[in-house]
Protein chains: 2
Amino acid sequence: MARWETGTRERLQAAALERFAEHGFDRTTVAEIATTAGLTERTFFRYFADKREVLFDGQDHFEQAFLDGLDGAPTAEPMALVRASLTGAAAFFPDERRPWARTRQAVISSHPGLQERELLKLSGLAVTLTGALRDRGMDAVTSALAAESTMTVFRTTFAAWIEDGQTRSFTELQDAVLDRLHTLVAPA
Amino acid sequence: MARWETGTRERLQAAALERFAEHGFDRTTVAEIATTAGLTERTFFRYFADKREVLFDGQDHFEQAFLDGLDGAPTAEPMALVRASLTGAAAFFPDERRPWARTRQAVISSHPGLQERELLKLSGLAVTLTGALRDRGMDAVTSALAAESTMTVFRTTFAAWIEDGQTRSFTELQDAVLDRLHTLVAPA
DNA sequence: TCCCTGATGACAGTCACTGCCATCACCGTA
DNA sequence: TACGGTGATGGCAGTGACTGTCATCAGGGA
């Protein structure tokens, strides 16, 4: 380790986000990002599969948060598992992270290609979750629906969390969204 | 009209699907597709914004099917609207279409970039639906959840329809999935 | 001290995609 | 019938993302 300057990946990510936010995704070349980080374009592509991927690293940790929540679930009742994985996810979004999340999300929202990548990541997460739910004895269709519904609640909550002034926590918002889903599908 | 050979767009789409299915998406160049259709690369990009888009034309008609279903809804009760739009969507998938849908889906499933685009299209549809539901008096969060849930049911149904031997119709499968969603969120 | 290993640089090449201008077939009109 | 307008297409050069390959170079271990 550390034969060369450390934190190469992080430097590239920081440089990319900064330039994307400032000049826009399309007007930023990979060569620029690399130069800003004191590296070359070729090295950038050794760390990230493509230009968009630099904004989506750490997917593993993100997925793990959902799975950790699942592990903490007391029962195997489907909706309880959905709640549990969402609780796990909430740990990934403390209030301190909100400003950074806003910047990043603004960049993503401004570019269809980045939205695509975000959707693909969430889709991959849904697949992972579906598998984890099946491992807990849930049937295929229900697992898929539960995983997708988890993503629905998460997505909706995240959007609200980004928009929210500063008052409500991720968990707080998420509980409200989950209640709404219940009311929608099973009106009193 | 018809000063040049007609059906340019359709010829490009057919040529693209055929070559993608045969040789794979990555090993097919846009120039090849265009040549197969008797045109040039430059013309391809006049019809489709990018190489992937050639597989995703007709999004408008697809969205319209959901909206048409919505228009036929008797009430404004949220879940009834979800059902109605799904009924509209089912009209888009008659059994005759299944073989073609399978080929197309196999191509899409084999390439992350195409999956991304498919997800973006469905996401766009969810946005459209959310708006249509809000127009019918539904609140913002419920509209978003209803639209996303509609997509969840549709996606799950579509996957089952593609896998299904040949026996069950789209509508049939969709009703079953919708029941499962209800059971999941509001267990007896 | 020397060799090995892993991170980086350098460079050429492919291909998606764009801007710009030329061409050419058809249509309506004088 | 000759003519100008219009819209679809071709040709071509240029940019930038991404890849394969080889050279380089710093540090760790034998």
# chains A, B, ... in the order shown; residues from 1 in each chain; ligands from 1
>>> calpha_fit_and_write(fixed="chain B", moving="chain A", output="CSV table (one decimal) with C-alpha atoms, in the first residue's frame")
chain,number,residue,atom,x,y,z
A,1,MET,CA,-44.6,11.8,-48.3
A,2,ALA,CA,-43.0,8.9,-50.0
A,3,ARG,CA,-40.6,10.7,-52.1
A,4,TRP,CA,-38.1,8.2,-50.9
A,5,GLU,CA,-38.5,4.6,-50.0
A,6,THR,CA,-41.1,4.4,-47.1
A,7,GLY,CA,-40.8,2.8,-43.7
A,8,THR,CA,-37.3,4.0,-43.1
A,9,ARG,CA,-37.8,4.0,-39.3
A,10,GLU,CA,-39.3,0.5,-39.3
A,11,ARG,CA,-36.5,-0.9,-41.5
A,12,LEU,CA,-33.9,0.5,-39.2
A,13,GLN,CA,-35.7,-1.0,-36.2
A,14,ALA,CA,-36.1,-4.4,-37.8
A,15,ALA,CA,-32.4,-4.5,-38.9
A,16,ALA,CA,-31.3,-3.5,-35.5
A,17,LEU,CA,-33.3,-6.1,-33.6
A,18,GLU,CA,-32.2,-8.8,-36.0
A,19,ARG,CA,-28.5,-8.0,-35.7
A,20,PHE,CA,-28.6,-7.4,-32.0
A,21,ALA,CA,-30.3,-10.8,-31.5
A,22,GLU,CA,-27.9,-12.5,-33.8
A,23,HIS,CA,-24.5,-10.9,-33.0
A,24,GLY,CA,-25.1,-9.1,-29.8
A,25,PHE,CA,-25.5,-5.4,-29.1
A,26,ASP,CA,-21.8,-4.5,-28.6
A,27,ARG,CA,-20.7,-6.4,-31.7
A,28,THR,CA,-23.2,-4.6,-33.9
A,29,THR,CA,-22.2,-1.2,-35.2
A,30,VAL,CA,-24.6,1.5,-36.1
A,31,ALA,CA,-23.0,1.6,-39.6
A,32,GLU,CA,-23.9,-2.1,-40.0
A,33,ILE,CA,-27.5,-1.5,-39.0
A,34,ALA,CA,-27.8,1.4,-41.4
A,35,THR,CA,-26.2,-0.5,-44.3
A,36,THR,CA,-28.5,-3.5,-43.7
A,37,ALA,CA,-31.4,-1.1,-44.0
A,38,GLY,CA,-29.9,0.5,-47.1
A,39,LEU,CA,-29.0,3.7,-45.4
A,40,THR,CA,-26.1,5.5,-43.9
A,41,GLU,CA,-25.0,5.9,-40.2
A,42,ARG,CA,-25.8,9.6,-40.4
A,43,THR,CA,-29.4,8.8,-41.3
A,44,PHE,CA,-29.8,6.4,-38.4
A,45,PHE,CA,-29.0,9.2,-36.0
A,46,ARG,CA,-31.6,11.4,-37.6
A,47,TYR,CA,-34.3,8.8,-36.6
A,48,PHE,CA,-32.9,7.7,-33.2
A,49,ALA,CA,-31.1,9.8,-30.6
A,50,ASP,CA,-28.7,7.0,-29.9
A,51,LYS,CA,-27.9,3.4,-30.7
A,52,ARG,CA,-30.1,2.0,-27.8
A,53,GLU,CA,-33.1,4.1,-28.6
A,54,VAL,CA,-33.8,2.1,-31.7
A,55,LEU,CA,-35.3,-0.6,-29.5
A,56,PHE,CA,-37.5,1.8,-27.5
A,57,ASP,CA,-39.5,3.6,-30.0
A,58,GLY,CA,-43.2,3.9,-29.6
A,59,GLN,CA,-43.1,4.9,-25.9
A,60,ASP,CA,-45.9,7.4,-26.5
A,61,HIS,CA,-48.3,4.7,-27.6
A,62,PHE,CA,-47.3,2.6,-24.6
A,63,GLU,CA,-47.9,5.5,-22.2
A,64,GLN,CA,-51.2,6.2,-23.9
A,65,ALA,CA,-52.4,2.7,-23.1
A,66,PHE,CA,-52.1,3.4,-19.4
A,67,LEU,CA,-53.7,6.7,-19.7
A,68,ASP,CA,-56.6,5.3,-21.8
A,69,GLY,CA,-57.2,2.8,-19.0
A,70,LEU,CA,-57.3,5.6,-16.5
A,71,ASP,CA,-59.9,7.4,-18.5
A,72,GLY,CA,-62.1,4.5,-18.4
A,73,ALA,CA,-62.1,4.3,-14.6
A,74,PRO,CA,-65.5,4.7,-13.0
A,75,THR,CA,-64.3,6.2,-9.7
A,76,ALA,CA,-61.4,8.2,-8.4
A,77,GLU,CA,-60.6,5.8,-5.6
A,78,PRO,CA,-56.8,5.4,-5.8
A,79,MET,CA,-56.5,1.6,-6.0
A,80,ALA,CA,-59.3,1.5,-8.6
A,81,LEU,CA,-57.3,3.9,-10.7
A,82,VAL,CA,-54.2,1.7,-10.4
A,83,ARG,CA,-56.3,-1.3,-11.6
A,84,ALA,CA,-57.8,0.8,-14.4
A,85,SER,CA,-54.4,1.9,-15.8
A,86,LEU,CA,-53.1,-1.7,-15.6
A,87,THR,CA,-56.1,-2.9,-17.5
A,88,GLY,CA,-55.3,-0.3,-20.2
A,89,ALA,CA,-51.7,-1.5,-20.3
A,90,ALA,CA,-52.8,-5.1,-20.8
A,91,ALA,CA,-54.4,-4.2,-24.1
A,92,PHE,CA,-50.9,-3.5,-25.3
A,93,PHE,CA,-49.8,-7.1,-24.8
A,94,PRO,CA,-52.0,-9.5,-26.8
A,95,ASP,CA,-50.7,-13.1,-27.0
A,96,GLU,CA,-49.6,-12.8,-30.6
A,97,ARG,CA,-47.0,-10.3,-29.5
A,98,ARG,CA,-45.4,-12.6,-27.1
A,99,PRO,CA,-42.7,-14.2,-29.4
A,100,TRP,CA,-41.6,-10.8,-30.6
A,101,ALA,CA,-41.6,-9.5,-27.0
A,102,ARG,CA,-39.4,-12.4,-25.9
A,103,THR,CA,-36.8,-11.8,-28.6
A,104,ARG,CA,-36.7,-8.1,-27.8
A,105,GLN,CA,-36.5,-8.8,-24.0
A,106,ALA,CA,-33.7,-11.3,-24.5
A,107,VAL,CA,-31.7,-8.7,-26.2
A,108,ILE,CA,-32.4,-6.1,-23.5
A,109,SER,CA,-31.7,-8.5,-20.7
A,110,SER,CA,-28.3,-9.3,-22.1
A,111,HIS,CA,-27.0,-5.7,-22.0
A,112,PRO,CA,-26.9,-3.4,-19.0
A,113,GLY,CA,-27.0,-0.3,-21.2
A,114,LEU,CA,-30.3,-1.5,-22.6
A,115,GLN,CA,-31.7,-2.3,-19.2
A,116,GLU,CA,-30.8,1.2,-18.1
A,117,ARG,CA,-32.8,2.6,-21.0
A,118,GLU,CA,-35.8,0.4,-20.3
A,119,LEU,CA,-35.7,1.5,-16.6
A,120,LEU,CA,-35.6,5.1,-17.7
A,121,LYS,CA,-38.6,4.7,-20.0
A,122,LEU,CA,-40.6,3.1,-17.2
A,123,SER,CA,-39.5,5.8,-14.9
A,124,GLY,CA,-40.8,8.4,-17.4
A,125,LEU,CA,-44.0,6.5,-17.5
A,126,ALA,CA,-44.3,6.6,-13.7
A,127,VAL,CA,-43.8,10.4,-13.8
A,128,THR,CA,-46.6,10.7,-16.4
A,129,LEU,CA,-48.9,8.5,-14.4
A,130,THR,CA,-48.1,10.5,-11.2
A,131,GLY,CA,-49.2,13.6,-13.0
A,132,ALA,CA,-52.4,12.1,-14.3
A,133,LEU,CA,-53.3,10.8,-10.9
A,134,ARG,CA,-52.7,14.2,-9.3
A,135,ASP,CA,-55.0,15.7,-12.0
A,136,ARG,CA,-57.7,13.4,-10.6
A,137,GLY,CA,-57.3,14.9,-7.1
A,138,MET,CA,-54.9,12.6,-5.5
A,139,ASP,CA,-52.3,14.1,-3.2
A,140,ALA,CA,-48.6,14.2,-4.3
A,141,VAL,CA,-47.2,11.3,-2.2
A,142,THR,CA,-50.1,9.0,-2.8
A,143,SER,CA,-49.9,9.7,-6.6
A,144,ALA,CA,-46.3,8.9,-6.6
A,145,LEU,CA,-46.8,5.7,-4.6
A,146,ALA,CA,-49.7,4.7,-6.8
A,147,ALA,CA,-47.8,5.3,-10.0
A,148,GLU,CA,-44.7,3.4,-8.7
A,149,SER,CA,-46.9,0.5,-7.5
A,150,THR,CA,-48.5,0.4,-10.9
A,151,MET,CA,-45.0,0.0,-12.4
A,152,THR,CA,-44.2,-2.7,-9.9
A,153,VAL,CA,-47.2,-4.7,-10.8
A,154,PHE,CA,-46.6,-4.2,-14.5
A,155,ARG,CA,-43.0,-5.1,-14.3
A,156,THR,CA,-43.6,-8.3,-12.3
A,157,THR,CA,-46.5,-9.3,-14.7
A,158,PHE,CA,-44.4,-8.6,-17.8
A,159,ALA,CA,-41.6,-10.9,-16.5
A,160,ALA,CA,-44.1,-13.6,-15.7
A,161,TRP,CA,-45.7,-13.2,-19.1
A,162,ILE,CA,-42.4,-13.6,-20.9
A,163,GLU,CA,-41.5,-16.7,-18.9
A,164,ASP,CA,-45.0,-18.2,-19.0
A,165,GLY,CA,-45.3,-21.1,-21.5
A,166,GLN,CA,-48.2,-19.8,-23.4
A,167,THR,CA,-51.2,-20.6,-21.2
A,168,ARG,CA,-52.0,-17.5,-19.3
A,169,SER,CA,-52.9,-14.1,-20.7
A,170,PHE,CA,-51.4,-10.9,-19.6
A,171,THR,CA,-54.6,-9.8,-17.9
A,172,GLU,CA,-54.8,-13.1,-16.1
A,173,LEU,CA,-51.3,-12.9,-14.8
A,174,GLN,CA,-51.7,-9.2,-13.9
A,175,ASP,CA,-54.8,-9.9,-11.8
A,176,ALA,CA,-52.9,-12.5,-9.8
A,177,VAL,CA,-50.0,-10.2,-9.2
A,178,LEU,CA,-52.3,-7.4,-8.1
A,179,ASP,CA,-53.9,-9.8,-5.6
A,180,ARG,CA,-50.5,-10.7,-4.3
A,181,LEU,CA,-49.6,-7.1,-3.8
A,182,HIS,CA,-52.7,-6.6,-1.7
A,183,THR,CA,-51.9,-9.7,0.4
A,184,LEU,CA,-48.4,-8.4,0.9
A,185,VAL,CA,-49.2,-4.9,2.1
A,186,ALA,CA,-52.4,-5.8,3.9
A,187,PRO,CA,-52.2,-9.4,5.1
A,188,ALA,CA,-55.5,-10.8,6.2
>>> interface_residues(of="chain D", to="chain B", cutoff="8 Å", atoms="only C-alpha atoms (C1' of nucleotides)", output="PyMOL selection string")
chain D and resi 8-10
>>> write_last_selection(atoms="C-alpha atoms (C1' of nucleotides)", output="short mmCIF file (atom, residue, chain, number, x, y, z; two decimals), in the first residue's frame")
data_model
loop_
_atom_site.label_atom_id
_atom_site.label_comp_id
_atom_site.auth_asym_id
_atom_site.auth_seq_id
_atom_site.Cartn_x
_atom_site.Cartn_y
_atom_site.Cartn_z
"C1'" DA D 8 -34.87 13.31 -46.80
"C1'" DT D 9 -30.50 11.68 -47.43
"C1'" DG D 10 -25.22 11.30 -48.10
#
>>> closest_atom_pairs(of="chain C", to="chain B", cutoff="9 Å", atoms="only C-alpha atoms (C1' of nucleotides)", output="JSON lines")
{"residue": "C:DC15", "atom": "C1'", "partner": "B:Thr29", "partner_atom": "CA", "distance": 7.6}
{"residue": "C:DA16", "atom": "C1'", "partner": "B:Lys51", "partner_atom": "CA", "distance": 7.8}
{"residue": "C:DC17", "atom": "C1'", "partner": "B:Asp50", "partner_atom": "CA", "distance": 7.5}
{"residue": "C:DA25", "atom": "C1'", "partner": "B:Arg3", "partner_atom": "CA", "distance": 6.6}
{"residue": "C:DC26", "atom": "C1'", "partner": "B:Arg3", "partner_atom": "CA", "distance": 6.1}
>>> select_by_dssp(residues="stretch 137-167 of chain A", states="alpha helix (DSSP H)", output="VMD selection string")
chain A and resid 140 to 163
>>> atom_distance(atom1="atom C1' of C:DT14", atom2="atom C1' of D:DA23")
22.4 Å
>>> atom_distance(atom1="atom C1' of C:DT8", atom2="atom C1' of D:DG29")
21.7 Å
